[in-house]
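Right, one structure below, let's go through it.
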Amino acid sequence: MKYFRIFRQSAAELKDIRCLSVTGLLIAIYAALEFVTIQPSESLKINFGFLAIAAIGVLYGPVVGMFGAGICDLVGFMVKPSGSFNPVFTGIAMVQGLIYGMVAYRRLSGRSGRGYDVEMLVRSVTARVLDVAVINVCLNTLAIYFLFGSKKTLPAMLAARVTKNLIELPIDIGLVIVVIPVLLKTYKGVFGKQRSVA
């Protein structure tokens, strides 16, 4: 029942011009972040685009997160195409937005203090871990394997992607720990206290 309420409240955000404006800004930031990639080795590539999708989910919940992530994927493909477009990956991106919205939506945003900050960090880090496990390791691997084929077997491909993502995960978590609190503080500074989503 609680989750239905979260979806309803997130859907209601779409009527707010502030939500549409900030989401549009975060989509633009995502497009810019697509060009910022650090690749210290052939197998390790650090991309920052997930932070914009995480921000949309944290601020506006699963419904806005899904639509925002889907648009991010489309815009990201237009500004930096890689291969041919496939709507399956847009669908997977929407699941990514759903994860951040379900796990990290600002449920305690009417409150402030250390307890709130710690809970939001835990929720945000949990969302990133789920994102990596569900999206990067499982869904993207399966989509790449079945849509494009691979010289490796599925278990070998899965093992390689698990290793790669385990190496990247601490960096991603560090970014979440730094960026999400700054995002929430800035958002509250500009728009004031948000209503609590319990």
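Ordered as shown in the structure tokens, chains take letters A, B, and onward, while each chain numbers its residues from 1 and ligands are numbered from 1 in the order shown.
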
### Message
I want to know what sits within 10 Å of segment 143-154 of chain A, based on only C-alpha atoms, with residues of the same chain fewer than 3 positions away left out; could you give that as a PyMOL selection string?
### Response
chain A and resi 86+88-89+92+138-140+157-160

### Task
Write out as a ChimeraX atom specification all residues of segment 21-198 of chain A that backbone DSSP assigns to alpha helix (DSSP H).
/A:21-33,50-79,87-104,114-130,140-148,154-191

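For the atom pair formed by atom CA of Ile180 of chain A and atom CA of Pro87 of chain A, the distance is 29.0 Å, given to one decimal.
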
### Summary
Counting only C-alpha atoms, closest pick from A:Thr37, A:Ile99, A:Leu59, A:Asp16 relative to Lys185 of chain A is A:Leu59

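Among the candidate residues A:Leu14, A:Val95, A:Val75, A:Ala156, the one lying nearest to Asn136 of chain A is A:Val95, with distances computed using only C-alpha atoms.
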
### Task
Just the residues within 9 Å of Asp172 of chain A, please, counting only C-alpha atoms, with nothing from its chain fewer than 6 positions along; format it as a count of residues only.
8

### Message
When you count only C-alpha atoms, which of these residues is closest to Gly57 of chain A: A:Glu34, A:Glu119, A:Glu13, A:Glu168?
### Response
A:Glu13

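Between atom CA of Tyr187 of chain A and atom CA of Val134 of chain A the interatomic distance comes to 28.5 Å.
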
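When the distance limit is 8 Å and only C-alpha atoms are what count, the residues near segment 100-107 of chain A, minus those fewer than 5 positions from it on the same chain, are A:Tyr3, A:Ile6, A:Ile53, A:Ala54, A:Ile56, A:Gly57, A:Val58, A:Leu59, A:Tyr60, A:Gly61, A:Pro62, A:Val63, A:Val64, A:Gly65, A:Met66, A:Met120, A:Arg123, A:Ser124, A:Thr126, A:Ala127, A:Arg128, A:Asp131, A:Ser196, A:Val197, A:Ala198.
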
Please write the residues from the selection above to a file, keeping C-alpha atoms, as a compact mmCIF listing (two decimals), in the first residue's frame.
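Okay, this is what ended up in selection_1.txt:
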```
# COMPACT_ATOMS: atom_id res chain seq x y z
CA TYR A 3 4.42 1.78 -2.55
CA ILE A 6 4.78 6.61 -3.53
CA ILE A 53 19.28 9.79 -13.17
CA ALA A 54 19.83 9.19 -9.46
CA ILE A 56 15.76 12.69 -10.66
CA GLY A 57 14.71 9.58 -8.74
CA VAL A 58 15.77 10.96 -5.35
CA LEU A 59 13.93 14.25 -5.87
CA TYR A 60 10.78 13.16 -7.69
CA GLY A 61 10.25 9.44 -7.25
CA PRO A 62 9.69 6.38 -9.42
CA VAL A 63 7.26 7.74 -12.02
CA VAL A 64 9.31 10.84 -12.84
CA GLY A 65 12.47 8.75 -12.46
CA MET A 66 11.27 6.28 -15.10
CA MET A 120 19.24 9.50 2.61
CA ARG A 123 19.04 4.87 0.58
CA SER A 124 21.09 6.47 -2.20
CA THR A 126 21.54 1.10 -1.70
CA ALA A 127 19.91 2.36 -4.89
CA ARG A 128 23.30 2.53 -6.63
CA ASP A 131 21.31 -0.28 -10.05
CA SER A 196 7.43 14.63 3.58
CA VAL A 197 6.82 11.44 1.65
CA ALA A 198 6.21 8.68 4.17
```

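Each of A:Ala69, A:Ala133, A:Leu142, A:Ile167 was checked against Pro40 of chain A using only C-alpha atoms; the smallest atom-to-atom distance is that of A:Ile167.
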
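Picture a line from atom CA of Ala31 of chain A to atom CA of Ile71 of chain A; it runs 10.2 Å.
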
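Comparing the minimum interatomic distances between Pro181 of chain A and each of A:Asp117, A:Ile135, A:Val22, A:Thr163, counting only C-alpha atoms, we find that A:Asp117 sits nearest.
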
### Message
With DSSP run on the backbone, what are the strand (DSSP E or B) residues within chain A? I'd like them as a ChimeraX atom specification.
### Response
/A:37-38,46-47

Next, write the just-selected residues to a file, as an mmCIF file, in the first residue's frame, keeping C-alpha atoms as the atom set.
```cif
data_model
loop_
_atom_site.group_PDB
_atom_site.id
_atom_site.type_symbol
_atom_site.label_atom_id
_atom_site.label_comp_id
_atom_site.auth_asym_id
_atom_site.auth_seq_id
_atom_site.Cartn_x
_atom_site.Cartn_y
_atom_site.Cartn_z
ATOM 1 C CA THR A 37 34.269 9.487 -19.184
ATOM 2 C CA ILE A 38 37.399 8.391 -17.373
ATOM 3 C CA ILE A 46 33.896 5.446 -15.239
ATOM 4 C CA ASN A 47 30.842 7.345 -16.452
#
```
